[in-house]
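Colleague: Submitted below is the structure of interest, expressed as structure tokens.
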Amino acid sequence: MKLAKSSRFSPTSGPVVTIVLDGVGISPREDGDAVKAARTPMLDKLMANFPMTKLLAHGKAVGMPSDEDMGNSEVGHNAIGAGRVFAQGAKLVAESIASGHLWQGHAWQEVVAAAKQGGTLHFLGLFSDGNVHSHIDHLKAMIERAKQEGVGKVRLHILLDGRDVGETSALDYVDPFEAYLDGLRSADFDVAVASGGGRMKITMDRYEADWSMVQRGWDIHVKGEGRQFASAHEAIETYRNELGVIDQDLPGFVIAKDGQPLGKIVDGDAVVFYNFRGDRAIEISRAFTEETFCPFHRGALPKVTYAGMMQYDGDTKLPPRFLVEPPAIDRTMGEYLAKNGVSQYAISETQKYGHVTYFWNGNRSGKFDDALETYVEIPSDVVPFEQRPWMKCAEITDALIAAIRSGQYKYLRVNYANGDMVGHTGNFEAAVTAMQGLDLQLARLIPVILEAGGVALITADHGNADEMYELDKKGNVTRDAEGRTKAKTSHTLNPVPFVLVSGEADPAYKLRDDLAAPGLSNIAATVLNLLGYEAPQDYDPSLIVPA
Ligand code: 3PG
Ligand code: CO
């Protein structure tokens, strides 16, 4: 994996620093755009005075099935880190179902075999068509196939979304789904929703930010312990009336009849966790598969046949049984740099720590070379982020500045979570504050990079804070009769900035203007060029050429 020294580009004298402003896209409109509404003098100055272009960060440009699919952090960081576009989980699963390949795999056959020996087949996952972590069509295809193959009893554990889809859209999925289940149910096919809850309250924690979420999910899905309701519809309506929270924050619920939970998970059952994306699938998968397990008290571990939709971590091989091969992301820029002796530093706060390490490195949790790589995680607050929109951007900047000044690292990368995590709350004012907090940090960071003779690449993995209000089909902000907007919590289809900041008066390179539709996958070759290397042949082209 030797990289050729470039004859066209000499290495920058100081470090190259990639700054990912998570969830900060460029919207074509002003209305509802917290990025534009915020006072961000530093970002404005950088965008006005340094070479800048826009990069595609959604749809096919990041390996999603279609250009209607918004970007997300997994596919965005994969593309940035790998320098190429790989068909991603959403696409691979849809194809595996369409071709029938999924049903031929060992994992599916073992799951069905367990259920046919008298166990219940449980499907657990995010319940929407957001296509970021999962898709409801995949779930339906599996339920239908299970019925065809003679499985007698199926139970569904549904995590309500409101984060990758409309913030209060749960019933738009639940009601038609119940009708769909009525159509499938028969004397020899018993199917029902057994439990559920909001995805930010139970089960789908990531990067060990808050294991208590997973514990609450475990109690609800596995033990059937929690507040009981006759149906998911009733649970959602009751909680909404009582608490006034949006879908992602709805508490867990257990569906019960005569006080008996409809679908506890017990010895002999099979469990399919049907999310394809890994970050929020890892903790619950560990809870189901690890013999010795410390993060919370599980009680007796039921002996189940557990399968993930994909293998979520290529280094730890978790979970061992999975339905669809994950994208074969190889030879990432992190690996090339490690194998060519370039020292690297990666930093973020907990909520995005794995984005800038695990996703960046092609869904591998380990390092390539311990001696050359330093990964730093600043613990995130465990609070609703609209209450702390600055999050940990100042602490991250403190550490990053120290790392740059140490002179130890040639390549550094950082993810600032603010635009995305606060964008997901749907709170416009908080998102504006998030952007302003971030700008103060850029104003501290950029001069330090330039003093060190370095170059900063400012970009993002996808949009979010750039659209805080729901849009109609024509792309205009929707308003009700009283002129009120509806909060939008999900990502956007907008491109993201790419700003190339250097202290040199006359850099020996310039941005290319001949690439038809540059995207996130063009960043890796650019970084390698700035470090004085030619990019591997099959990497997508660099964004720079010699001046
Ligand atoms: C989440 O998991 O928080 C959202 O579904 C997607 O957000 P991310 O892709 O920015 O992490
Ligand atoms: Co996000």
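Residue names in the structure tokens use chain letters A, B, ... in the order shown, residue numbers from 1 in each chain, and ligand numbers from 1 in the order shown.
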Just want the 6 Å neighbourhood of region 374-382 of chain A, counted on only C-alpha atoms, with same-chain residues fewer than 4 positions away dropped. Output as a ChimeraX atom specification.

Modeller: /A:345-350,353

Colleague: Please extract the residues of region 141-272 of chain A with a backbone DSSP assignment of strand (DSSP E) and present them as a count of residues only.

Modeller: 29

Colleague: Using only C-alpha atoms, determine which residues lie at most 10 Å from Asn418 (chain A), disregarding the query and same-chain residues fewer than 5 positions distant; provide the list as a VMD selection string.

Modeller: chain A and resid 21 to 24 351 to 352 385 to 386 388 to 393 423 to 424 430 to 438 465

Colleague: Could you please take those selected residues and save N, CA and C atoms as a compact mmCIF listing (two decimals), in the first residue's frame?

Modeller:
# COMPACT_ATOMS: atom_id res chain seq x y z
N LEU A 21 -18.16 19.98 9.53
CA LEU A 21 -19.23 20.65 10.27
C LEU A 21 -20.48 19.80 10.05
N ASP A 22 -20.69 18.83 10.90
CA ASP A 22 -21.76 17.85 10.67
C ASP A 22 -23.10 18.55 10.52
N GLY A 23 -23.82 18.21 9.44
CA GLY A 23 -25.17 18.74 9.27
C GLY A 23 -25.25 20.19 8.84
N VAL A 24 -24.19 20.71 8.23
CA VAL A 24 -24.21 22.11 7.78
C VAL A 24 -24.18 22.14 6.25
N GLN A 351 -21.08 11.79 20.57
CA GLN A 351 -22.15 11.59 19.61
C GLN A 351 -21.65 11.39 18.18
N LYS A 352 -20.47 11.91 17.88
CA LYS A 352 -19.94 11.79 16.52
C LYS A 352 -18.55 11.16 16.50
N PHE A 385 -30.26 18.19 23.18
CA PHE A 385 -29.25 19.14 22.72
C PHE A 385 -29.77 20.55 22.47
N GLU A 386 -31.10 20.72 22.41
CA GLU A 386 -31.59 22.09 22.31
C GLU A 386 -31.31 22.86 23.60
N ARG A 388 -28.36 22.56 25.23
CA ARG A 388 -26.92 22.85 25.24
C ARG A 388 -26.42 22.88 23.79
N PRO A 389 -26.90 23.84 22.99
CA PRO A 389 -26.60 23.78 21.56
C PRO A 389 -25.12 23.96 21.22
N TRP A 390 -24.35 24.49 22.15
CA TRP A 390 -22.91 24.61 21.89
C TRP A 390 -22.23 23.27 22.02
N MET A 391 -22.92 22.34 22.66
CA MET A 391 -22.38 21.00 22.88
C MET A 391 -20.92 21.08 23.37
N LYS A 392 -20.04 20.29 22.79
CA LYS A 392 -18.65 20.28 23.29
C LYS A 392 -17.69 20.92 22.29
N CYS A 393 -18.20 21.88 21.49
CA CYS A 393 -17.31 22.39 20.44
C CYS A 393 -16.12 23.15 21.01
N GLY A 423 -29.75 20.37 14.91
CA GLY A 423 -30.70 20.35 13.79
C GLY A 423 -31.78 19.29 13.97
N HIS A 424 -31.40 18.13 14.48
CA HIS A 424 -32.35 17.02 14.67
C HIS A 424 -33.40 17.33 15.74
N ALA A 430 -32.30 27.12 18.72
CA ALA A 430 -31.15 26.36 19.22
C ALA A 430 -30.16 26.09 18.09
N ALA A 431 -30.67 25.84 16.89
CA ALA A 431 -29.77 25.56 15.76
C ALA A 431 -28.97 26.81 15.39
N VAL A 432 -29.60 27.98 15.51
CA VAL A 432 -28.88 29.24 15.27
C VAL A 432 -27.76 29.39 16.31
N THR A 433 -28.09 29.14 17.55
CA THR A 433 -27.08 29.23 18.61
C THR A 433 -25.95 28.22 18.37
N ALA A 434 -26.34 27.03 17.92
CA ALA A 434 -25.33 25.99 17.64
C ALA A 434 -24.32 26.51 16.62
N MET A 435 -24.83 27.13 15.56
CA MET A 435 -23.95 27.63 14.50
C MET A 435 -23.06 28.76 15.01
N GLN A 436 -23.62 29.58 15.89
CA GLN A 436 -22.82 30.71 16.40
C GLN A 436 -21.71 30.21 17.33
N GLY A 437 -22.03 29.21 18.12
CA GLY A 437 -21.01 28.61 18.99
C GLY A 437 -19.88 28.02 18.16
N LEU A 438 -20.28 27.38 17.10
CA LEU A 438 -19.31 26.74 16.20
C LEU A 438 -18.41 27.79 15.55
N ALA A 465 -29.06 21.59 9.54
CA ALA A 465 -29.44 22.89 10.11
C ALA A 465 -29.83 23.90 9.03

Colleague: If we count only C-alpha atoms and set the cut-off at 6 Å, which residues sit around region 500-508 of chain A, ignoring sequence neighbours fewer than 3 positions away in its own chain? Please answer as a PyMOL selection string.

Modeller: chain A and resi 50-51+450+455-457+546-547

Colleague: Can I get the selection written as a compact mmCIF listing (two decimals), in the first residue's frame, with N, CA and C atoms?

Modeller:
# COMPACT_ATOMS: atom_id res chain seq x y z
N PHE A 50 -11.58 32.63 0.52
CA PHE A 50 -10.75 31.47 0.13
C PHE A 50 -11.48 30.67 -0.95
N PRO A 51 -10.71 29.85 -1.70
CA PRO A 51 -11.35 29.04 -2.74
C PRO A 51 -12.44 28.16 -2.14
N LEU A 450 -3.10 28.05 10.50
CA LEU A 450 -2.30 28.86 9.59
C LEU A 450 -0.93 29.19 10.19
N VAL A 455 -2.99 23.69 6.32
CA VAL A 455 -4.12 23.95 5.43
C VAL A 455 -5.36 23.37 6.09
N ALA A 456 -6.47 24.11 6.04
CA ALA A 456 -7.73 23.60 6.57
C ALA A 456 -8.70 23.35 5.43
N LEU A 457 -9.36 22.20 5.46
CA LEU A 457 -10.44 21.91 4.52
C LEU A 457 -11.72 21.93 5.34
N PRO A 546 -2.39 21.69 -9.91
CA PRO A 546 -1.33 22.67 -9.72
C PRO A 546 -1.76 24.02 -10.29
N ALA A 547 -1.37 25.10 -9.63
CA ALA A 547 -1.82 26.43 -10.08
C ALA A 547 -1.10 26.83 -11.36

Colleague: Find, counting only C-alpha atoms, the residue in A:Phe428, A:Tyr411, A:Tyr469, A:Phe359 that gets nearest to Pro11 (chain A).

Modeller: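 Residue with the minimum atom-to-atom distance to Pro11 (chain A): A:Tyr411.
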
Colleague: Using only C-alpha atoms and all ligand atoms, what table do you get, as JSON lines, when you list each residue of chain A with an atom no more than 10 Å from ligand 1, its nearest pair of atoms, and their distance in Å rounded to one decimal, rows by chain then rising number?

Modeller:
{"residue": "A:Asp22", "atom": "CA", "partner": "ligand 1", "partner_atom_place_in_ligand_line": "10 (O)", "distance": 6.8}
{"residue": "A:Gly23", "atom": "CA", "partner": "ligand 1", "partner_atom_place_in_ligand_line": "10 (O)", "distance": 6.5}
{"residue": "A:Met70", "atom": "CA", "partner": "ligand 1", "partner_atom_place_in_ligand_line": "9 (O)", "distance": 9.7}
{"residue": "A:Gly71", "atom": "CA", "partner": "ligand 1", "partner_atom_place_in_ligand_line": "9 (O)", "distance": 7.4}
{"residue": "A:Asn72", "atom": "CA", "partner": "ligand 1", "partner_atom_place_in_ligand_line": "9 (O)", "distance": 3.7}
{"residue": "A:Ser73", "atom": "CA", "partner": "ligand 1", "partner_atom_place_in_ligand_line": "9 (O)", "distance": 3.5}
{"residue": "A:Glu74", "atom": "CA", "partner": "ligand 1", "partner_atom_place_in_ligand_line": "9 (O)", "distance": 5.7}
{"residue": "A:Val75", "atom": "CA", "partner": "ligand 1", "partner_atom_place_in_ligand_line": "9 (O)", "distance": 7.9}
{"residue": "A:Gly76", "atom": "CA", "partner": "ligand 1", "partner_atom_place_in_ligand_line": "9 (O)", "distance": 8.1}
{"residue": "A:His77", "atom": "CA", "partner": "ligand 1", "partner_atom_place_in_ligand_line": "9 (O)", "distance": 9.2}
{"residue": "A:Leu126", "atom": "CA", "partner": "ligand 1", "partner_atom_place_in_ligand_line": "5 (O)", "distance": 9.4}
{"residue": "A:Gly130", "atom": "CA", "partner": "ligand 1", "partner_atom_place_in_ligand_line": "5 (O)", "distance": 8.1}
{"residue": "A:Asn131", "atom": "CA", "partner": "ligand 1", "partner_atom_place_in_ligand_line": "5 (O)", "distance": 9.0}
{"residue": "A:Val132", "atom": "CA", "partner": "ligand 1", "partner_atom_place_in_ligand_line": "5 (O)", "distance": 5.9}
{"residue": "A:His133", "atom": "CA", "partner": "ligand 1", "partner_atom_place_in_ligand_line": "5 (O)", "distance": 6.4}
{"residue": "A:Ser134", "atom": "CA", "partner": "ligand 1", "partner_atom_place_in_ligand_line": "5 (O)", "distance": 9.4}
{"residue": "A:Asp161", "atom": "CA", "partner": "ligand 1", "partner_atom_place_in_ligand_line": "5 (O)", "distance": 8.3}
{"residue": "A:Gly162", "atom": "CA", "partner": "ligand 1", "partner_atom_place_in_ligand_line": "5 (O)", "distance": 9.2}
{"residue": "A:Arg163", "atom": "CA", "partner": "ligand 1", "partner_atom_place_in_ligand_line": "5 (O)", "distance": 6.0}
{"residue": "A:Asp164", "atom": "CA", "partner": "ligand 1", "partner_atom_place_in_ligand_line": "5 (O)", "distance": 5.3}
{"residue": "A:Val165", "atom": "CA", "partner": "ligand 1", "partner_atom_place_in_ligand_line": "5 (O)", "distance": 9.1}
{"residue": "A:Arg199", "atom": "CA", "partner": "ligand 1", "partner_atom_place_in_ligand_line": "2 (O)", "distance": 8.9}
{"residue": "A:Met200", "atom": "CA", "partner": "ligand 1", "partner_atom_place_in_ligand_line": "3 (O)", "distance": 8.5}
{"residue": "A:Met204", "atom": "CA", "partner": "ligand 1", "partner_atom_place_in_ligand_line": "2 (O)", "distance": 8.2}
{"residue": "A:Asp205", "atom": "CA", "partner": "ligand 1", "partner_atom_place_in_ligand_line": "2 (O)", "distance": 8.7}
{"residue": "A:Arg206", "atom": "CA", "partner": "ligand 1", "partner_atom_place_in_ligand_line": "2 (O)", "distance": 8.1}
{"residue": "A:Gln248", "atom": "CA", "partner": "ligand 1", "partner_atom_place_in_ligand_line": "3 (O)", "distance": 10.0}
{"residue": "A:Arg277", "atom": "CA", "partner": "ligand 1", "partner_atom_place_in_ligand_line": "2 (O)", "distance": 8.9}
{"residue": "A:Gly278", "atom": "CA", "partner": "ligand 1", "partner_atom_place_in_ligand_line": "2 (O)", "distance": 9.7}
{"residue": "A:Asp279", "atom": "CA", "partner": "ligand 1", "partner_atom_place_in_ligand_line": "2 (O)", "distance": 7.7}
{"residue": "A:Arg280", "atom": "CA", "partner": "ligand 1", "partner_atom_place_in_ligand_line": "2 (O)", "distance": 6.8}
{"residue": "A:Gln351", "atom": "CA", "partner": "ligand 1", "partner_atom_place_in_ligand_line": "11 (O)", "distance": 8.1}
{"residue": "A:Lys352", "atom": "CA", "partner": "ligand 1", "partner_atom_place_in_ligand_line": "11 (O)", "distance": 7.3}
{"residue": "A:Gly354", "atom": "CA", "partner": "ligand 1", "partner_atom_place_in_ligand_line": "11 (O)", "distance": 9.7}
{"residue": "A:His355", "atom": "CA", "partner": "ligand 1", "partner_atom_place_in_ligand_line": "11 (O)", "distance": 7.7}
{"residue": "A:Ala417", "atom": "CA", "partner": "ligand 1", "partner_atom_place_in_ligand_line": "10 (O)", "distance": 8.3}
{"residue": "A:Gly419", "atom": "CA", "partner": "ligand 1", "partner_atom_place_in_ligand_line": "10 (O)", "distance": 9.2}
{"residue": "A:Asp420", "atom": "CA", "partner": "ligand 1", "partner_atom_place_in_ligand_line": "10 (O)", "distance": 5.7}
{"residue": "A:Met421", "atom": "CA", "partner": "ligand 1", "partner_atom_place_in_ligand_line": "3 (O)", "distance": 7.1}
{"residue": "A:Gly423", "atom": "CA", "partner": "ligand 1", "partner_atom_place_in_ligand_line": "10 (O)", "distance": 9.4}
{"residue": "A:His424", "atom": "CA", "partner": "ligand 1", "partner_atom_place_in_ligand_line": "3 (O)", "distance": 7.4}
{"residue": "A:Asp461", "atom": "CA", "partner": "ligand 1", "partner_atom_place_in_ligand_line": "10 (O)", "distance": 7.9}
{"residue": "A:His462", "atom": "CA", "partner": "ligand 1", "partner_atom_place_in_ligand_line": "10 (O)", "distance": 7.6}
{"residue": "A:Gly463", "atom": "CA", "partner": "ligand 1", "partner_atom_place_in_ligand_line": "10 (O)", "distance": 8.7}
{"residue": "A:Asn464", "atom": "CA", "partner": "ligand 1", "partner_atom_place_in_ligand_line": "10 (O)", "distance": 8.2}
{"residue": "A:Thr489", "atom": "CA", "partner": "ligand 1", "partner_atom_place_in_ligand_line": "4 (C)", "distance": 9.3}
{"residue": "A:Ser490", "atom": "CA", "partner": "ligand 1", "partner_atom_place_in_ligand_line": "4 (C)", "distance": 7.5}
{"residue": "A:His491", "atom": "CA", "partner": "ligand 1", "partner_atom_place_in_ligand_line": "7 (O)", "distance": 7.3}

Colleague: Ranking A:Gln88, A:Tyr416, A:Arg512, A:Pro497 by minimum distance to ligand 2 and counting only C-alpha atoms and all ligand atoms, which one comes first?

Modeller: A:Tyr416

Colleague: Find the residues near region 115-123 of chain A: any atom within 9 Å, counting only C-alpha atoms, skip ones fewer than 5 places away on the same chain, and give them as a CSV table (one decimal) with N, CA and C atoms, in the first residue's frame.

Modeller:
chain,number,residue,atom,x,y,z
A,110,GLU,N,-31.0,-20.0,9.1
A,110,GLU,CA,-30.9,-20.4,10.5
A,110,GLU,C,-32.0,-19.7,11.4
A,139,LEU,N,-38.6,-4.8,6.1
A,139,LEU,CA,-39.3,-5.5,7.2
A,139,LEU,C,-40.5,-6.3,6.6
A,142,MET,N,-39.5,-9.3,4.7
A,142,MET,CA,-39.1,-10.5,5.6
A,142,MET,C,-40.3,-11.1,6.3
A,143,ILE,N,-41.3,-10.3,6.6
A,143,ILE,CA,-42.4,-10.9,7.3
A,143,ILE,C,-43.2,-11.8,6.3
A,146,ALA,N,-41.2,-15.0,5.7
A,146,ALA,CA,-41.3,-15.9,6.8
A,146,ALA,C,-42.6,-16.7,6.8
A,149,GLU,N,-42.5,-19.3,4.2
A,149,GLU,CA,-41.6,-20.4,4.6
A,149,GLU,C,-42.2,-21.2,5.7
A,150,GLY,N,-43.3,-20.9,6.2
A,150,GLY,CA,-44.0,-21.7,7.2
A,150,GLY,C,-43.7,-21.3,8.7
A,151,VAL,N,-43.2,-20.1,8.9
A,151,VAL,CA,-43.0,-19.6,10.3
A,151,VAL,C,-44.4,-19.4,10.8
A,152,GLY,N,-44.7,-19.8,12.1
A,152,GLY,CA,-46.0,-19.7,12.6
A,152,GLY,C,-46.3,-18.4,13.4
A,153,LYS,N,-45.2,-17.9,14.0
A,153,LYS,CA,-45.5,-16.8,15.0
A,153,LYS,C,-44.4,-15.7,14.8
A,154,VAL,N,-44.8,-14.5,14.5
A,154,VAL,CA,-43.9,-13.3,14.3
A,154,VAL,C,-44.3,-12.2,15.3
A,155,ARG,N,-43.3,-11.6,15.9
A,155,ARG,CA,-43.6,-10.4,16.8
A,155,ARG,C,-42.7,-9.3,16.3
A,156,LEU,N,-43.3,-8.0,16.3
A,156,LEU,CA,-42.6,-6.9,15.9
A,156,LEU,C,-42.3,-5.9,17.0
A,157,HIS,N,-41.1,-5.4,17.1
A,157,HIS,CA,-40.7,-4.4,18.1
A,157,HIS,C,-40.3,-3.2,17.3
A,158,ILE,N,-41.1,-2.2,17.4
A,158,ILE,CA,-41.0,-1.0,16.5
A,158,ILE,C,-40.4,0.2,17.2
A,263,GLY,N,-45.3,-10.4,23.3
A,263,GLY,CA,-44.1,-11.0,22.7
A,263,GLY,C,-42.8,-10.8,23.4
A,265,ILE,N,-39.1,-12.0,24.6
A,265,ILE,CA,-38.1,-12.8,23.9
A,265,ILE,C,-37.6,-13.8,24.8
A,266,VAL,N,-37.7,-15.1,24.4
A,266,VAL,CA,-37.4,-16.2,25.3
A,266,VAL,C,-36.5,-17.2,24.6
A,267,ASP,N,-36.0,-18.2,25.4
A,267,ASP,CA,-35.2,-19.3,24.9
A,267,ASP,C,-35.8,-19.9,23.6
A,268,GLY,N,-35.0,-20.1,22.6
A,268,GLY,CA,-35.5,-20.8,21.4
A,268,GLY,C,-36.1,-19.9,20.4
A,269,ASP,N,-36.2,-18.6,20.7
A,269,ASP,CA,-36.7,-17.6,19.7
A,269,ASP,C,-35.6,-17.2,18.7
A,270,ALA,N,-36.0,-16.5,17.7
A,270,ALA,CA,-35.0,-15.9,16.7
A,270,ALA,C,-35.3,-14.4,16.7
A,271,VAL,N,-34.2,-13.7,16.6
A,271,VAL,CA,-34.4,-12.2,16.6
A,271,VAL,C,-33.6,-11.6,15.4
A,272,VAL,N,-34.3,-10.9,14.6
A,272,VAL,CA,-33.6,-10.1,13.5
A,272,VAL,C,-33.6,-8.7,13.9
A,273,PHE,N,-32.4,-8.1,14.0
A,273,PHE,CA,-32.3,-6.6,14.1
A,273,PHE,C,-32.2,-6.1,12.7
A,274,TYR,N,-33.2,-5.4,12.2
A,274,TYR,CA,-33.3,-5.2,10.8
A,274,TYR,C,-32.7,-3.8,10.3
A,304,VAL,N,-31.1,-17.2,22.0
A,304,VAL,CA,-31.9,-16.9,20.8
A,304,VAL,C,-30.9,-17.0,19.6
A,305,THR,N,-31.5,-17.2,18.4
A,305,THR,CA,-30.7,-17.1,17.2
A,305,THR,C,-30.8,-15.7,16.7

Colleague: Measuring between only C-alpha atoms and all ligand atoms, which one of A:Leu442, A:Gly252, A:Gly100, A:Gly426 shows the shortest distance to ligand 2?

Modeller: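 Residue with the minimum atom-to-atom distance to ligand 2: A:Gly426.
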
Colleague: Can you work out which one of A:Glu335, A:Gly25, A:Asp540, A:Ala37 has the shortest atom-to-atom distance to ligand 2, counting only C-alpha atoms and all ligand atoms?

Modeller: A:Gly25

Colleague: What is the distance, in Å and to one decimal place, between CA of Val496 (chain A) and CA of Asn529 (chain A)?

Modeller: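 Atom-to-atom, CA of Val496 (chain A) and CA of Asn529 (chain A) are spaced 21.1 Å apart.
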
Colleague: Can you list, as a list in words, every protein, DNA or RNA residue that comes within 10 Å of Tyr409 (chain A) when you count only C-alpha atoms, leaving out same-chain residues fewer than 6 positions away?

Modeller: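 Close residues of Tyr409 (chain A): Gly14, Pro15, Val16, Val17, Val342, Ser343, Gln344, Tyr345, Leu372, Glu373, Thr374 and Ala403 of chain A.
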
Colleague: May I have the residues from that selection written out with N, CA and C atoms, as a compact mmCIF listing (two decimals), in the first residue's frame?

Modeller:
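Everything below was put into selection_11.txt:
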# COMPACT_ATOMS: atom_id res chain seq x y z
N GLY A 14 2.97 22.71 7.01
CA GLY A 14 2.32 22.34 8.27
C GLY A 14 1.28 21.25 8.05
N PRO A 15 0.46 21.00 9.04
CA PRO A 15 -0.51 19.90 8.96
C PRO A 15 -1.69 20.20 8.03
N VAL A 16 -2.30 19.14 7.53
CA VAL A 16 -3.57 19.26 6.81
C VAL A 16 -4.67 18.88 7.80
N VAL A 17 -5.70 19.73 7.89
CA VAL A 17 -6.77 19.52 8.88
C VAL A 17 -8.11 19.51 8.16
N VAL A 342 2.38 8.32 7.94
CA VAL A 342 1.88 9.67 8.23
C VAL A 342 1.10 9.65 9.55
N SER A 343 1.47 10.52 10.47
CA SER A 343 0.80 10.54 11.78
C SER A 343 -0.58 11.19 11.66
N GLN A 344 -1.57 10.60 12.35
CA GLN A 344 -2.95 11.08 12.22
C GLN A 344 -3.57 11.31 13.60
N TYR A 345 -4.46 12.27 13.62
CA TYR A 345 -5.18 12.62 14.84
C TYR A 345 -6.65 12.79 14.47
N LEU A 372 0.96 5.46 15.24
CA LEU A 372 0.83 6.65 14.38
C LEU A 372 -0.50 7.38 14.54
N GLU A 373 -1.47 6.73 15.20
CA GLU A 373 -2.80 7.34 15.24
C GLU A 373 -3.23 7.65 16.67
N THR A 374 -3.80 8.83 16.85
CA THR A 374 -4.39 9.22 18.14
C THR A 374 -5.85 9.56 17.89
N ALA A 403 -3.20 19.70 19.97
CA ALA A 403 -2.62 18.66 19.08
C ALA A 403 -1.88 19.31 17.91

Colleague: Give me the residues near region 170-176 of chain A as a ChimeraX atom specification, where near means some atom within 9 Å (using only C-alpha atoms) and where sequence neighbours in that chain fewer than 4 positions away do not count.

Modeller: /A:127-129,136,160-162,166,180-181,232-233,236-237,247

Colleague: Those selected residues, please, written with N, CA and C atoms and delivered as an mmCIF file, in the first residue's frame.

Modeller:
data_model
loop_
_atom_site.group_PDB
_atom_site.id
_atom_site.type_symbol
_atom_site.label_atom_id
_atom_site.label_comp_id
_atom_site.auth_asym_id
_atom_site.auth_seq_id
_atom_site.Cartn_x
_atom_site.Cartn_y
_atom_site.Cartn_z
ATOM 1 N N PHE A 127 -38.613 1.971 12.586
ATOM 2 C CA PHE A 127 -39.855 1.713 11.873
ATOM 3 C C PHE A 127 -40.261 2.927 11.040
ATOM 4 N N SER A 128 -39.645 3.046 9.855
ATOM 5 C CA SER A 128 -39.980 4.154 8.950
ATOM 6 C C SER A 128 -39.384 3.840 7.579
ATOM 7 N N ASP A 129 -39.585 4.760 6.661
ATOM 8 C CA ASP A 129 -38.937 4.585 5.353
ATOM 9 C C ASP A 129 -37.817 5.614 5.177
ATOM 10 N N ILE A 136 -38.864 0.289 6.031
ATOM 11 C CA ILE A 136 -40.019 -0.541 6.387
ATOM 12 C C ILE A 136 -40.316 -1.590 5.306
ATOM 13 N N LEU A 160 -39.933 4.016 16.964
ATOM 14 C CA LEU A 160 -40.575 5.106 16.229
ATOM 15 C C LEU A 160 -39.530 6.146 15.868
ATOM 16 N N ASP A 161 -39.653 6.720 14.668
ATOM 17 C CA ASP A 161 -38.545 7.486 14.113
ATOM 18 C C ASP A 161 -38.684 8.985 14.400
ATOM 19 N N GLY A 162 -39.292 9.743 13.496
ATOM 20 C CA GLY A 162 -39.433 11.184 13.716
ATOM 21 C C GLY A 162 -38.115 11.937 13.670
ATOM 22 N N GLY A 166 -40.737 12.778 9.054
ATOM 23 C CA GLY A 166 -41.475 13.840 9.750
ATOM 24 C C GLY A 166 -41.510 13.622 11.267
ATOM 25 N N TYR A 180 -52.141 -3.817 7.250
ATOM 26 C CA TYR A 180 -51.342 -4.774 6.469
ATOM 27 C C TYR A 180 -51.190 -6.100 7.236
ATOM 28 N N LEU A 181 -50.937 -5.995 8.547
ATOM 29 C CA LEU A 181 -50.808 -7.223 9.354
ATOM 30 C C LEU A 181 -52.139 -7.972 9.417
ATOM 31 N N ALA A 232 -50.100 -0.202 19.545
ATOM 32 C CA ALA A 232 -49.088 0.846 19.376
ATOM 33 C C ALA A 232 -49.782 2.193 19.159
ATOM 34 N N HIS A 233 -50.890 2.164 18.425
ATOM 35 C CA HIS A 233 -51.642 3.392 18.174
ATOM 36 C C HIS A 233 -52.052 4.043 19.505
ATOM 37 N N ILE A 236 -49.032 5.545 21.348
ATOM 38 C CA ILE A 236 -48.539 6.795 20.755
ATOM 39 C C ILE A 236 -49.469 7.955 21.123
ATOM 40 N N GLU A 237 -50.767 7.730 20.949
ATOM 41 C CA GLU A 237 -51.712 8.814 21.261
ATOM 42 C C GLU A 237 -51.677 9.180 22.741
ATOM 43 N N ASP A 247 -41.968 12.187 18.054
ATOM 44 C CA ASP A 247 -41.876 10.718 17.984
ATOM 45 C C ASP A 247 -40.582 10.139 18.544
#

Colleague: Among region 112-346 of chain A, which residues carry a DSSP assignment of helix (DSSP H, G or I), reported as a count of residues only?

Modeller: 74
